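What follows is the content of coords-v3.pdb, which has PDB, C-alpha atoms and all ligand atoms:
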ATOM      1  CA  MET Y 455       0.000   0.000   0.000
ATOM      2  CA  ARG Y 456       1.208   3.468  -0.933
ATOM      3  CA  TRP Y 457       1.999   5.738   1.961
ATOM      4  CA  TRP Y 458       1.261   8.941   0.084
ATOM      5  CA  LYS Y 459      -2.118  10.151  -0.954
ATOM      6  CA  SER Y 460      -2.669  10.145  -4.672
ATOM      7  CA  GLY Y 461      -2.615  13.630  -6.138
ATOM      8  CA  SER Y 462      -1.240  15.252  -2.994
ATOM      9  CA  TYR Y 463       1.471  17.264  -4.725
ATOM     10  CA  ALA Y 464       0.432  20.606  -6.173
ATOM     11  CA  CYS Y 465       2.441  21.936  -9.079
ATOM     12  CA  THR Y 466       3.810  25.419  -8.324
ATOM     13  CA  ASP Y 467       3.135  26.617 -11.850
ATOM     14  CA  CYS Y 468      -0.154  25.137 -13.037
ATOM     15  CA  LYS Y 469      -1.592  24.462  -9.520
ATOM     16  CA  LYS Y 470      -2.898  21.060 -10.514
ATOM     17  CA  LYS Y 471      -2.415  18.070  -8.222
ATOM     18  CA  PHE Y 472      -0.182  15.180  -9.156
ATOM     19  CA  ASP Y 473       1.156  11.876  -7.863
ATOM     20  CA  PHE Y 474       4.686  11.718  -6.543
ATOM     21  CA  GLU Y 475       5.752   9.992  -9.804
ATOM     22  CA  SER Y 476       4.516  12.927 -11.849
ATOM     23  CA  ILE Y 477       6.272  15.745 -10.054
ATOM     24  CA  ARG Y 478       9.842  17.022 -10.225
ATOM     25  CA  TYR Y 479      11.816  19.138  -7.804
ATOM     26  CA  GLY Y 480      13.158  22.450  -9.062
ATOM     27  CA  SER Y 481      16.824  23.405  -8.912
ATOM     28  CA  ASP Y 482      16.308  24.991  -5.455
ATOM     29  CA  GLY Y 483      15.125  21.613  -4.081
ATOM     30  CA  LYS Y 484      11.888  23.140  -2.739
ATOM     31  CA  THR Y 485       9.797  24.059  -5.728
ATOM     32  CA  ILE Y 486       7.774  21.173  -7.089
ATOM     33  CA  ARG Y 487       6.346  21.107 -10.560
ATOM     34  CA  CYS Y 488       4.562  18.581 -12.712
ATOM     35  CA  VAL Y 489       6.650  16.945 -15.429
ATOM     36  CA  SER Y 490       5.382  19.199 -18.201
ATOM     37  CA  CYS Y 491       5.913  22.436 -16.238
ATOM     38  CA  HIS Y 492       9.329  21.201 -15.137
ATOM     39  CA  GLU Y 493      10.364  20.586 -18.724
ATOM     40  CA  GLN Y 494       9.062  24.006 -19.691
ATOM     41  CA  VAL Y 495      11.249  25.575 -16.980
ATOM     42  CA  LEU Y 496      14.253  23.583 -18.142
ATOM     43  CA  ARG Y 497      13.729  24.795 -21.695
ATOM     44  CA  GLU Y 498      13.492  28.421 -20.562
ATOM     45  CA  ASP Y 499      16.638  28.038 -18.449
ATOM     46  CA  GLN Y 500      18.418  26.609 -21.454
ATOM     47  CA  LYS Y 501      17.291  29.551 -23.604
ATOM     48  CA  LYS Y 502      18.466  32.009 -20.934
ATOM     49  CA  ARG Y 503      21.834  30.316 -20.726
ATOM     50  CA  GLU Y 504      22.213  30.382 -24.498
ATOM     51  CA  ALA Y 505      21.319  34.072 -24.601
ATOM     52  CA  GLU Y 506      23.889  34.826 -21.884
ATOM     53  CA  ALA Y 507      26.555  32.804 -23.661
ATOM     54  CA  LYS Y 508      26.328  35.027 -26.702
ATOM     55  CA  PRO Y 509      28.862  37.856 -26.700
ATOM     56  CA  LYS Y 510      27.136  41.192 -26.213
ATOM     57  CA  ALA Y 511      29.756  43.363 -27.847
ATOM     58  CA  ALA Y 512      30.817  42.903 -31.427
ATOM     59  CA  PRO Y 513      34.313  41.468 -31.790
ATOM     60  CA  VAL Y 514      37.081  44.040 -32.097
ATOM     61  CA  MET Y 515      38.057  42.802 -35.547
ATOM     62  CA  SER Y 516      34.664  43.803 -36.955
ATOM     63  CA  ASP Y 517      35.887  47.282 -37.845
ATOM     64  CA  VAL Y 518      38.327  45.778 -40.309
ATOM     65  CA  LEU Y 519      37.076  44.622 -43.680
ATOM     66  CA  LYS Y 520      38.865  42.017 -45.692
ATOM     67  CA  LEU Y 521      38.761  43.071 -49.298
ATOM     68  CA  ILE Y 522      39.662  41.304 -52.508
ATOM     69  CA  CYS Y 523      40.593  43.277 -55.594
ATOM     70  CA  VAL Y 524      38.304  42.283 -58.470
ATOM     71  CA  GLU Y 525      40.986  43.191 -61.002
ATOM     72  CA  CYS Y 526      44.011  41.305 -59.697
ATOM     73  CA  ARG Y 527      42.593  39.215 -56.797
ATOM     74  CA  TYR Y 528      44.947  40.822 -54.298
ATOM     75  CA  LYS Y 529      43.658  40.424 -50.726
ATOM     76  CA  PHE Y 530      44.077  43.124 -48.145
ATOM     77  CA  SER Y 531      42.492  44.549 -45.002
ATOM     78  CA  TYR Y 532      40.711  47.836 -44.868
ATOM     79  CA  ARG Y 533      39.712  49.725 -41.750
ATOM     80  CA  LYS Y 534      36.083  50.853 -41.712
ATOM     81  CA  GLY Y 535      35.495  54.497 -40.936
ATOM     82  CA  SER Y 536      38.589  55.633 -42.777
ATOM     83  CA  ARG Y 537      38.023  58.665 -44.983
ATOM     84  CA  ILE Y 538      40.230  57.297 -47.701
ATOM     85  CA  GLN Y 539      38.441  55.366 -50.404
ATOM     86  CA  PRO Y 540      39.640  51.779 -50.389
ATOM     87  CA  VAL Y 541      41.784  50.977 -53.395
ATOM     88  CA  CYS Y 542      43.874  47.926 -54.174
ATOM     89  CA  PRO Y 543      47.402  48.556 -52.838
ATOM     90  CA  TYR Y 544      48.737  46.313 -55.588
ATOM     91  CA  CYS Y 545      47.134  47.702 -58.760
ATOM     92  CA  GLY Y 546      45.424  50.833 -57.436
ATOM     93  CA  LYS Y 547      41.965  49.924 -58.758
ATOM     94  CA  SER Y 548      38.876  50.480 -56.630
ATOM     95  CA  ARG Y 549      36.762  47.546 -57.791
ATOM     96  CA  LEU Y 550      36.778  45.515 -54.604
ATOM     97  CA  MET Y 551      34.858  42.624 -53.083
ATOM     98  CA  ILE Y 552      34.489  41.885 -49.422
ATOM     99  CA  ASP Y 553      35.946  38.625 -48.197
ATOM    100  CA  ASP Y 554      34.631  36.211 -45.534
ATOM    101  CA  THR Y 555      31.523  38.015 -44.308
ATOM    102  CA  THR Y 556      27.990  36.684 -44.372
ATOM    103  CA  ALA Y 557      25.847  37.294 -47.436
ATOM    104  CA  ASP Y 558      23.793  39.978 -45.657
ATOM    105  CA  ARG Y 559      26.839  41.908 -44.570
ATOM    106  CA  LEU Y 560      28.409  41.561 -47.981
ATOM    107  CA  VAL Y 561      25.436  43.227 -49.664
ATOM    108  CA  GLU Y 562      25.286  45.909 -46.996
ATOM    109  CA  GLU Y 563      28.999  46.738 -47.058
ATOM    110  CA  VAL Y 564      29.403  46.654 -50.805
ATOM    111  CA  GLY Y 565      26.381  48.939 -51.100
ATOM    112  CA  ARG Y 566      27.992  51.364 -48.693
ATOM    113  CA  ILE Y 567      31.267  51.406 -50.637
ATOM    114  CA  ARG Y 568      29.391  51.999 -53.893
ATOM    115  CA  ASP Y 569      27.552  54.995 -52.409
ATOM    116  CA  TRP Y 570      30.844  56.298 -51.248
ATOM    117  CA  GLU Y 571      32.416  55.828 -54.682
ATOM    118  CA  LYS Y 572      29.541  57.772 -56.213
ATOM    119  CA  ALA Y 573      29.958  60.569 -53.696
ATOM    120  CA  CYS Y 574      33.695  60.707 -54.395
ATOM    121  CA  ARG Y 575      33.170  60.887 -58.148
ATOM    122  CA  SER Y 576      30.455  63.558 -58.083
ATOM    123  CA  GLY Y 577      32.149  65.585 -55.386
ATOM    124  CA  THR Y 578      35.890  65.857 -55.969
ATOM    125  CA  ALA Y 579      36.548  64.382 -59.434
ATOM    126  CA  SER Y 580      35.713  67.525 -61.436
TER     127      SER Y 580
HETATM  128 ZN    ZN Y 601       2.363  22.016 -13.799
HETATM  129 ZN    ZN Y 602      44.341  44.951 -57.620
END
What do you get writing this file as structure tokens?
Amino acid sequence: MRWWKSGSYACTDCKKKFDFESIRYGSDGKTIRCVSCHEQVLREDQKKREAEAKPKAAPVMSDVLKLICVECRYKFSYRKGSRIQPVCPYCGKSRLMIDDTTADRLVEEVGRIRDWEKACRSGTAS
């Protein structure tokens, strides 16, 4: 004969009553939850931990672009925010591609360089 009363454990979260087999203790050892609420909590904890594990600040190297010259395939680094238009140090051409970034960034950065090229041409190249 079972010494506990069936359904004598109330889940902290959903307030329903469960058998001892159907409840789990929380990480503090006091909180009791039914299996489904317990799993829900575990999932949320996992999500929280994953969110915390992500670096909040962008890596320092992100202000440096790796560029490839379209003309001669020369690879070089270029510091973002510089006022000088990026040109290939090898052949001096300004047709450049960005190396090793994601597709989204590539489109974004190349677009920015093109705008800049346009501005340079219309502004100072008279
Ligand atoms: Zn529950
Ligand atoms: Zn080049």
- Residue among Y:Glu525, Y:Glu504, Y:Asp467, Y:Glu498 lying closest to ligand ZN 602 (chain Y), counting only C-alpha atoms and all ligand atoms: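 Closest to ligand ZN 602 (chain Y), using only C-alpha atoms and all ligand atoms: Y:Glu525.
Put simply, atom CA of Y:Pro543 is 20.4 Å away from atom CA of Y:Lys572.
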Selection under test: the PyMOL selection byres (((not hetatm)) within 12 of (chain Y and resi 601)); residues as a ChimeraX atom specification: /Y:463-473,476-480,485-495
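With all atoms listed in the file as the atoms that count, the set of residues no farther than 10 Å from ligand ZN 602 (chain Y) is Ile522, Cys523, Val524, Glu525, Cys526, Arg527, Tyr528, Lys529, Phe530, Val541, Cys542, Pro543, Tyr544, Cys545, Gly546, Lys547, Ser548, Arg549 and Leu550 of chain Y.
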* Asked: Within 8 Å of Y:Trp570, counting only C-alpha atoms, which residues qualify if same-chain residues fewer than 4 places away don't, as a PyMOL selection string?
  -> chain Y and resi 539+566+574
Emit the selected residues as a PDB file, in the coordinates of the input, including C-alpha atoms.
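In the end it all went to part-v6.pdb:
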ATOM      1  CA  GLN Y 539      38.441  55.366 -50.404  1.00  0.00           C
ATOM      2  CA  ARG Y 566      27.992  51.364 -48.693  1.00  0.00           C
ATOM      3  CA  CYS Y 574      33.695  60.707 -54.395  1.00  0.00           C
TER       4      CYS Y 574
END
Item to check | Expansion of the PyMOL selection byres (((chain Y and resi 520) around 10) and not hetatm) into residues, as a VMD selection string | outcome: chain Y and resid 516 to 519 521 to 522 529 to 533 550 to 555
